[in-house]
Amino acid sequence: MKRLPILVFIVLCGATIAGAQVTSPFALSAQPVVAIPLGPTLGDGTPIYTIGGGASLKAEYTPPFAPFLFGGLGLDASFMPLNGAGKAATFLSLSPALGVQFFPFPRFGVRLSGFGGMYAGIIEAGTIINPVVGGTLDFGYQIKPALAVTLGSTFSYHFTNPDPALLSLGINAGVRYYIGGNKADLRIEPDIQPIFPVFYGHYDNHAAGTVTLRNNSMGPIENVRVSLFVKEYMTTGKPSAVVQGIPRGKESKIDLNALFTTDILSVTEQKKVAGELTVAYTYFGSEVTSTLPVTLTIQPRNGMTWADTAQAASFVTVNDDRVRNFAAQYAADARDKTSLMINWRFRAALALFEALKMHGVGYVADASTPYLKLSAEADAVDLLRFPVETLVAKAGDCDDLSILYAALLESANIQAAFVTTPGHIFVAFDLGLDKKSAGDTFSNEADLIFREDGSVWMPVEVTMVRDGFQRAWKTGAQEWAAAVSGGKTEFVPLLEAWKNFPAVDTGRVLQGAISAPEAVRVYQATATALNQFANAEIKTRANELLSLLNKTPNDAKLRNRLGVLYARFGLLKDARTQFEQVTKNSKDVPASTLINLGNLSYLEGNYQEAFDYYNKALQKDAESVIAILGKARAAYELRKDEEVKKAYDLLLKAAPDTAKNFAYLNSSATGSGRASASDKEVTTWSE
């Protein structure tokens, strides 16, 4: 019995030494044991022992590189009464152990281990020393960071010859103490990416970097909150998403959000700034806060990478007053004063292109940061100009000019998109036409971009601003078609891109006055360009129809088609001549010609005449969507509310999508108001 205190002392000394040498958890446990004998038995089957008791002391170590493993040294003492003899046998064992552990729930652990060592069996007749082996299964629940209560069972086999000296099942309950377990051990590893000032709004709900948190504590870490603060460019830290819990031995990667102020846009050269990363969490009911200094690299405000083309949307500063003011007058004149060619979107886009040309803007390749090279390197930093900077400089490379033209288009309420082909970027704008109308209007559908949502876009090679709109369009179309055939294109609508990369407010940080061209000069240039565009688009088709009409001058269908061609390109007088010729040559005027005459009258502001033409057309073709829509619009201008309602109800049944585009006609709709100038245009003609 004197050996027991000596063995306990050895185990405790080993625990103390090991605990001093490692930072990983080292545990000591003490467990009283109820020992149930399973053998051996006498020849008649009578058990040699009855139920006994004892104690178990263990020192255990969990390596940091394998938290699911543990090893240790156990000292076990069992006192087993001899059956009917009034005496007892004492078993003392010292056994190394190796096991696995896992934690299916916070604070709750399951451990399975095996052990093998030597035991001393002591009775009055003497002492034997032999090997002992066994296994243990136990469950633990941490009531405090360093203290767990345990419940388990141990199977042990004490060897002797020929039968075992003792075969037993121990039921134990006790406590386990983790040395150094009172304090939380959370490893914090930040990874903050270079910060681009132009995306300061993007970082509010997107990652500016990450932080990896590894829980090396003895229990779960809960309710984790992380915030990044940079005093120079923030007024407060931005809390990131809350992590409910990190189990012991596990890690979690958290995105770092950042709430920068517009002051960050003042950075014109790359610089490093000091920041502070705060991690707050709960550890066994106690609130813990850790603060870590970090260094951030701030890129210049004009910098970005081409890892995602949508990022360039942040440079499209449509809310800059100087950009809006530059675009406003030219777009308005194109809507209201020029010939009614195609639609107002097309005319305004052409006018803005002419305004840039007249302003003296030109293409200059950027030798230091060429798009051709940098667009192929995801991490390379390119320097882009904001629209105001390009307007002041009157020059830029393909990305600068694309950003400027896109900003002017969006300022005029024309949806724009970035279009990329290998090593190049340009712009497309939404024509506001459906596929059929676009196909009927333009001579070559390959010159347009047809999207899956049914929208039709016109590509524009903005670097050719000094070569005129017609050539810029055709070149853009050729570049798009060539890249599509190679499967290397990208189409990025600004409205979609702004959801993740909102346009920044540069009004306070970017200086520079802009002397815009006179509106009357831009209007004259726009009118000239529109005439050139019309001649280029309709000349061949018009000559073909005129040649056919020379052979059959009374062919109403051919003459109606010629009138529609003229009408689509704003040649309304020529269109009326053709339509009226049909009425003179035909005893029974086709519904299509009556509809087109109604369209002309509507465009000229003769709403009663238009209303009458549409009525006559409906008498011939009661299901004509164009005539129903025309009647509703004319009645609306005449304030014939009952007629508007009847016609609009028919339109809802016949063409619900078309009806949605003219919701202002619906008297039950709220906030639709009177029709705008764009609503009064006609883009659908009847052939």
# chains A, B, ... in the order shown; residues from 1 in each chain; ligands from 1

call {"tool": "select_by_dssp", "arguments": {"residues": "region 408-582 of chain A", "states": "alpha helix (DSSP H)", "output": "ChimeraX atom specification"}}
result
/A:408-411,435-441,469-485,494-500,519-551,556-568,572-582

call {"tool": "closest_atom_pairs", "arguments": {"of": "region 207-301 of chain A", "to": "region 61-85 of chain A", "cutoff": "10 Å", "atoms": "only C-alpha atoms", "output": "CSV"}}
result
residue,atom,partner,partner_atom,distance
A:Asn216,CA,A:Pro64,CA,7.9
A:Arg248,CA,A:Pro67,CA,8.6
A:Gly249,CA,A:Pro67,CA,6.0
A:Lys250,CA,A:Pro67,CA,9.1

call {"tool": "select_by_dssp", "arguments": {"residues": "region 271-382 of chain A", "states": "strand (DSSP E)", "output": "MDAnalysis selection string"}}
result
chainID A and resid 271:283 286:298 303:305 362:363 381:382

call {"tool": "closest_residue", "arguments": {"among": "A:Leu603, A:Val388, A:Ile538, A:Ala351", "to": "Gln524 (chain A)", "atoms": "only C-alpha atoms"}}
result
A:Ala351

call {"tool": "residues_around", "arguments": {"residues": "Ala446 (chain A)", "least_positions_apart": "4", "cutoff": "10 Å", "atoms": "only C-alpha atoms", "output": "MDAnalysis selection string"}}
result
chainID A and resid 439 442 450 474 477:478 480:481

call {"tool": "residues_around", "arguments": {"residues": "region 491-505 of chain A", "least_positions_apart": "2", "cutoff": "7 Å", "atoms": "only C-alpha atoms", "output": "PyMOL selection string"}}
result
chain A and resi 198-199+201-202+310-311+313-317+320+416-420+489+507

call {"tool": "write_last_selection", "arguments": {"atoms": "N, CA and C atoms", "output": "PDB file, in the first residue's frame"}}
result
ATOM      1  N   VAL A 198     -12.152  54.027 -54.717  1.00  0.00           N
ATOM      2  CA  VAL A 198     -13.345  54.148 -55.550  1.00  0.00           C
ATOM      3  C   VAL A 198     -14.438  53.174 -55.124  1.00  0.00           C
ATOM      4  N   PHE A 199     -14.064  52.109 -54.404  1.00  0.00           N
ATOM      5  CA  PHE A 199     -15.041  51.127 -53.956  1.00  0.00           C
ATOM      6  C   PHE A 199     -15.438  51.325 -52.498  1.00  0.00           C
ATOM      7  N   GLY A 201     -17.901  52.593 -51.074  1.00  0.00           N
ATOM      8  CA  GLY A 201     -19.284  52.197 -50.814  1.00  0.00           C
ATOM      9  C   GLY A 201     -19.477  50.695 -50.926  1.00  0.00           C
ATOM     10  N   HIS A 202     -18.683  50.053 -51.765  1.00  0.00           N
ATOM     11  CA  HIS A 202     -18.773  48.600 -51.963  1.00  0.00           C
ATOM     12  C   HIS A 202     -18.362  47.855 -50.700  1.00  0.00           C
ATOM     13  N   ALA A 310     -17.217  44.643 -63.855  1.00  0.00           N
ATOM     14  CA  ALA A 310     -18.288  45.402 -63.201  1.00  0.00           C
ATOM     15  C   ALA A 310     -17.744  46.451 -62.241  1.00  0.00           C
ATOM     16  N   GLN A 311     -16.509  46.270 -61.765  1.00  0.00           N
ATOM     17  CA  GLN A 311     -15.927  47.236 -60.843  1.00  0.00           C
ATOM     18  C   GLN A 311     -15.828  48.626 -61.460  1.00  0.00           C
ATOM     19  N   ALA A 313     -17.877  50.193 -62.954  1.00  0.00           N
ATOM     20  CA  ALA A 313     -19.129  50.945 -62.793  1.00  0.00           C
ATOM     21  C   ALA A 313     -19.004  52.018 -61.723  1.00  0.00           C
ATOM     22  N   SER A 314     -18.131  51.811 -60.747  1.00  0.00           N
ATOM     23  CA  SER A 314     -17.971  52.811 -59.688  1.00  0.00           C
ATOM     24  C   SER A 314     -17.423  54.127 -60.227  1.00  0.00           C
ATOM     25  N   PHE A 315     -16.755  54.063 -61.369  1.00  0.00           N
ATOM     26  CA  PHE A 315     -16.202  55.287 -61.969  1.00  0.00           C
ATOM     27  C   PHE A 315     -17.250  56.060 -62.771  1.00  0.00           C
ATOM     28  N   VAL A 316     -18.386  55.420 -63.053  1.00  0.00           N
ATOM     29  CA  VAL A 316     -19.414  56.057 -63.888  1.00  0.00           C
ATOM     30  C   VAL A 316     -20.263  56.961 -62.989  1.00  0.00           C
ATOM     31  N   THR A 317     -19.787  58.164 -62.765  1.00  0.00           N
ATOM     32  CA  THR A 317     -20.367  59.080 -61.770  1.00  0.00           C
ATOM     33  C   THR A 317     -21.513  59.884 -62.373  1.00  0.00           C
ATOM     34  N   ASP A 320     -22.673  63.316 -60.671  1.00  0.00           N
ATOM     35  CA  ASP A 320     -21.839  64.510 -60.689  1.00  0.00           C
ATOM     36  C   ASP A 320     -22.553  65.577 -61.516  1.00  0.00           C
ATOM     37  N   ALA A 416     -26.876  51.946 -70.238  1.00  0.00           N
ATOM     38  CA  ALA A 416     -25.610  51.661 -70.902  1.00  0.00           C
ATOM     39  C   ALA A 416     -25.008  50.382 -70.339  1.00  0.00           C
ATOM     40  N   ALA A 417     -24.066  49.826 -71.090  1.00  0.00           N
ATOM     41  CA  ALA A 417     -23.366  48.609 -70.655  1.00  0.00           C
ATOM     42  C   ALA A 417     -21.933  48.672 -71.136  1.00  0.00           C
ATOM     43  N   PHE A 418     -21.033  48.071 -70.349  1.00  0.00           N
ATOM     44  CA  PHE A 418     -19.662  47.866 -70.803  1.00  0.00           C
ATOM     45  C   PHE A 418     -19.622  46.585 -71.624  1.00  0.00           C
ATOM     46  N   VAL A 419     -18.927  46.656 -72.747  1.00  0.00           N
ATOM     47  CA  VAL A 419     -18.737  45.502 -73.610  1.00  0.00           C
ATOM     48  C   VAL A 419     -17.239  45.256 -73.704  1.00  0.00           C
ATOM     49  N   THR A 420     -16.828  44.036 -73.418  1.00  0.00           N
ATOM     50  CA  THR A 420     -15.404  43.729 -73.515  1.00  0.00           C
ATOM     51  C   THR A 420     -15.167  42.622 -74.531  1.00  0.00           C
ATOM     52  N   THR A 489     -16.421  37.233 -75.059  1.00  0.00           N
ATOM     53  CA  THR A 489     -17.061  38.536 -74.866  1.00  0.00           C
ATOM     54  C   THR A 489     -17.610  38.635 -73.446  1.00  0.00           C
ATOM     55  N   GLY A 507     -17.858  64.855 -56.324  1.00  0.00           N
ATOM     56  CA  GLY A 507     -18.087  66.296 -56.462  1.00  0.00           C
ATOM     57  C   GLY A 507     -17.185  67.148 -55.596  1.00  0.00           C
TER      58      GLY A 507
END

call {"tool": "atom_distance", "arguments": {"atom1": "CA of Asp204 (chain A)", "atom2": "CA of Arg322 (chain A)"}}
result
26.6 Å

call {"tool": "residues_around", "arguments": {"residues": "Val279 (chain A)", "least_positions_apart": "3", "cutoff": "7 Å", "atoms": "only C-alpha atoms", "output": "PyMOL selection string"}}
result
chain A and resi 225-227+289-291

call {"tool": "write_last_selection", "arguments": {"atoms": "N, CA and C atoms", "output": "CSV table (one decimal), in the first residue's frame"}}
result
chain,number,residue,atom,x,y,z
A,225,ARG,N,-18.0,38.8,-32.8
A,225,ARG,CA,-18.2,40.0,-33.6
A,225,ARG,C,-16.8,40.6,-33.9
A,226,VAL,N,-16.7,41.0,-35.2
A,226,VAL,CA,-15.4,41.5,-35.6
A,226,VAL,C,-15.7,42.9,-36.3
A,227,SER,N,-14.8,43.8,-36.0
A,227,SER,CA,-14.9,45.1,-36.7
A,227,SER,C,-13.5,45.7,-37.0
A,289,THR,N,-12.7,40.8,-25.2
A,289,THR,CA,-12.4,41.6,-26.4
A,289,THR,C,-10.9,41.6,-26.6
A,290,SER,N,-10.5,41.3,-27.9
A,290,SER,CA,-9.1,41.3,-28.3
A,290,SER,C,-8.9,42.4,-29.4
A,291,THR,N,-7.9,43.2,-29.3
A,291,THR,CA,-7.6,44.2,-30.3
A,291,THR,C,-6.3,44.0,-30.9

call {"tool": "residues_around", "arguments": {"residues": "Ala395 (chain A)", "least_positions_apart": "5", "cutoff": "6 Å", "atoms": "only C-alpha atoms", "output": "CSV table (one decimal) with N, CA and C atoms, in the first residue's frame"}}
result
chain,number,residue,atom,x,y,z
A,361,VAL,N,-12.8,65.8,-77.5
A,361,VAL,CA,-12.3,64.6,-76.8
A,361,VAL,C,-11.8,63.7,-77.9
A,362,GLY,N,-10.6,63.1,-77.6
A,362,GLY,CA,-10.0,62.1,-78.5
A,362,GLY,C,-9.4,61.0,-77.8
A,363,TYR,N,-9.0,60.0,-78.5
A,363,TYR,CA,-8.4,58.7,-78.0
A,363,TYR,C,-6.9,58.9,-77.9
A,390,THR,N,-11.8,63.2,-67.6
A,390,THR,CA,-11.7,63.0,-69.1
A,390,THR,C,-12.2,64.2,-69.8

call {"tool": "closest_residue", "arguments": {"among": "A:Gly598, A:Pro164, A:Pro197, A:Gly43", "to": "Gly121 (chain A)", "atoms": "only C-alpha atoms"}}
result
A:Pro164

call {"tool": "residues_around", "arguments": {"residues": "region 623-631 of chain A", "least_positions_apart": "2", "cutoff": "6 Å", "atoms": "only C-alpha atoms", "output": "JSON list (two decimals) with N, CA and C atoms, in the first residue's frame"}}
result
[["chain", "number", "residue", "atom", "x", "y", "z"],
["A", 595, "ILE", "N", -53.43, 52.57, -90.16],
["A", 595, "ILE", "CA", -52.70, 52.64, -88.88],
["A", 595, "ILE", "C", -51.51, 53.58, -89.01],
["A", 611, "PHE", "N", -57.11, 59.48, -84.00],
["A", 611, "PHE", "CA", -58.15, 58.65, -83.40],
["A", 611, "PHE", "C", -59.07, 58.08, -84.48],
["A", 614, "TYR", "N", -57.29, 55.29, -86.52],
["A", 614, "TYR", "CA", -57.21, 54.03, -85.76],
["A", 614, "TYR", "C", -58.57, 53.34, -85.72],
["A", 621, "ASP", "N", -59.56, 45.45, -89.03],
["A", 621, "ASP", "CA", -58.79, 44.44, -88.29],
["A", 621, "ASP", "C", -58.97, 44.73, -86.80],
["A", 633, "ARG", "N", -53.89, 55.76, -77.04],
["A", 633, "ARG", "CA", -53.01, 56.91, -76.86],
["A", 633, "ARG", "C", -53.65, 58.19, -77.38],
["A", 634, "ALA", "N", -54.29, 58.10, -78.54],
["A", 634, "ALA", "CA", -54.95, 59.29, -79.09],
["A", 634, "ALA", "C", -56.10, 59.72, -78.20],
["A", 635, "ALA", "N", -56.90, 58.76, -77.71],
["A", 635, "ALA", "CA", -58.01, 59.08, -76.82],
["A", 635, "ALA", "C", -57.50, 59.71, -75.53],
["A", 647, "ALA", "N", -60.13, 50.82, -74.78],
["A", 647, "ALA", "CA", -59.01, 50.41, -75.61],
["A", 647, "ALA", "C", -57.91, 49.76, -74.77]]

call {"tool": "atom_distance", "arguments": {"atom1": "CA of Leu166 (chain A)", "atom2": "CA of Pro32 (chain A)"}}
result
18.4 Å

call {"tool": "closest_residue", "arguments": {"among": "A:Leu352, A:Leu549, A:Leu433, A:Val427", "to": "Ala525 (chain A)", "atoms": "only C-alpha atoms"}}
result
A:Leu352

call {"tool": "decode", "arguments": {"residues": "region 457-489 of chain A", "atoms": "N, CA and C atoms", "output": "short mmCIF file (atom, residue, chain, number, x, y, z; two decimals), in the first residue's frame"}}
result
data_model
loop_
_atom_site.label_atom_id
_atom_site.label_comp_id
_atom_site.auth_asym_id
_atom_site.auth_seq_id
_atom_site.Cartn_x
_atom_site.Cartn_y
_atom_site.Cartn_z
N TRP A 457 -29.48 46.19 -78.11
CA TRP A 457 -28.47 47.18 -77.76
C TRP A 457 -27.63 47.53 -78.99
N MET A 458 -27.15 48.76 -79.02
CA MET A 458 -26.30 49.23 -80.11
C MET A 458 -24.88 49.43 -79.57
N PRO A 459 -23.89 48.70 -80.10
CA PRO A 459 -22.51 48.88 -79.65
C PRO A 459 -21.88 50.12 -80.28
N VAL A 460 -21.04 50.79 -79.51
CA VAL A 460 -20.38 52.01 -80.00
C VAL A 460 -18.91 51.96 -79.61
N GLU A 461 -18.02 52.00 -80.59
CA GLU A 461 -16.59 52.04 -80.36
C GLU A 461 -16.19 53.49 -80.06
N VAL A 462 -16.15 53.81 -78.76
CA VAL A 462 -16.01 55.21 -78.34
C VAL A 462 -14.65 55.79 -78.70
N THR A 463 -13.64 54.94 -78.87
CA THR A 463 -12.33 55.49 -79.22
C THR A 463 -12.35 56.16 -80.59
N MET A 464 -13.38 55.90 -81.39
CA MET A 464 -13.49 56.49 -82.72
C MET A 464 -14.38 57.73 -82.69
N VAL A 465 -14.35 58.44 -81.58
CA VAL A 465 -15.23 59.59 -81.41
C VAL A 465 -15.00 60.65 -82.47
N ARG A 466 -13.80 60.78 -82.97
CA ARG A 466 -13.52 61.80 -83.98
C ARG A 466 -13.82 61.31 -85.40
N ASP A 467 -14.23 60.04 -85.54
CA ASP A 467 -14.55 59.50 -86.87
C ASP A 467 -16.04 59.49 -87.16
N GLY A 468 -16.86 59.91 -86.19
CA GLY A 468 -18.29 59.96 -86.42
C GLY A 468 -19.03 58.75 -85.87
N PHE A 469 -20.31 58.96 -85.58
CA PHE A 469 -21.12 57.93 -84.93
C PHE A 469 -21.31 56.71 -85.81
N GLN A 470 -21.56 56.92 -87.09
CA GLN A 470 -21.83 55.80 -88.00
C GLN A 470 -20.67 54.81 -88.00
N ARG A 471 -19.46 55.33 -88.12
CA ARG A 471 -18.29 54.45 -88.18
C ARG A 471 -18.03 53.82 -86.81
N ALA A 472 -18.24 54.58 -85.73
CA ALA A 472 -18.03 54.04 -84.38
C ALA A 472 -18.99 52.89 -84.11
N TRP A 473 -20.23 53.03 -84.58
CA TRP A 473 -21.22 51.96 -84.40
C TRP A 473 -20.83 50.71 -85.19
N LYS A 474 -20.53 50.90 -86.46
CA LYS A 474 -20.20 49.75 -87.32
C LYS A 474 -18.95 49.03 -86.82
N THR A 475 -17.96 49.80 -86.37
CA THR A 475 -16.73 49.18 -85.86
C THR A 475 -17.01 48.40 -84.58
N GLY A 476 -17.80 48.98 -83.68
CA GLY A 476 -18.17 48.29 -82.46
C GLY A 476 -18.91 47.00 -82.75
N ALA A 477 -19.80 47.04 -83.75
CA ALA A 477 -20.56 45.84 -84.11
C ALA A 477 -19.63 44.76 -84.66
N GLN A 478 -18.66 45.15 -85.48
CA GLN A 478 -17.72 44.18 -86.04
C GLN A 478 -16.86 43.56 -84.93
N GLU A 479 -16.41 44.38 -83.98
CA GLU A 479 -15.60 43.86 -82.88
C GLU A 479 -16.40 42.88 -82.03
N TRP A 480 -17.64 43.22 -81.78
CA TRP A 480 -18.50 42.34 -80.98
C TRP A 480 -18.72 41.00 -81.71
N ALA A 481 -19.07 41.08 -83.00
CA ALA A 481 -19.34 39.86 -83.77
C ALA A 481 -18.11 38.96 -83.83
N ALA A 482 -16.93 39.56 -84.02
CA ALA A 482 -15.71 38.77 -84.10
C ALA A 482 -15.41 38.09 -82.77
N ALA A 483 -15.62 38.80 -81.67
CA ALA A 483 -15.34 38.23 -80.35
C ALA A 483 -16.36 37.16 -79.98
N VAL A 484 -17.62 37.35 -80.38
CA VAL A 484 -18.67 36.36 -80.09
C VAL A 484 -18.34 35.04 -80.77
N SER A 485 -17.88 35.11 -82.00
CA SER A 485 -17.55 33.88 -82.72
C SER A 485 -16.42 33.12 -82.03
N GLY A 486 -15.57 33.86 -81.29
CA GLY A 486 -14.50 33.22 -80.55
C GLY A 486 -14.87 32.90 -79.12
N GLY A 487 -16.08 33.26 -78.73
CA GLY A 487 -16.56 32.97 -77.38
C GLY A 487 -15.86 33.76 -76.30
N LYS A 488 -15.39 34.96 -76.62
CA LYS A 488 -14.62 35.75 -75.65
C LYS A 488 -15.19 37.15 -75.51
N THR A 489 -16.42 37.23 -75.06
CA THR A 489 -17.06 38.54 -74.87
C THR A 489 -17.61 38.63 -73.45
#
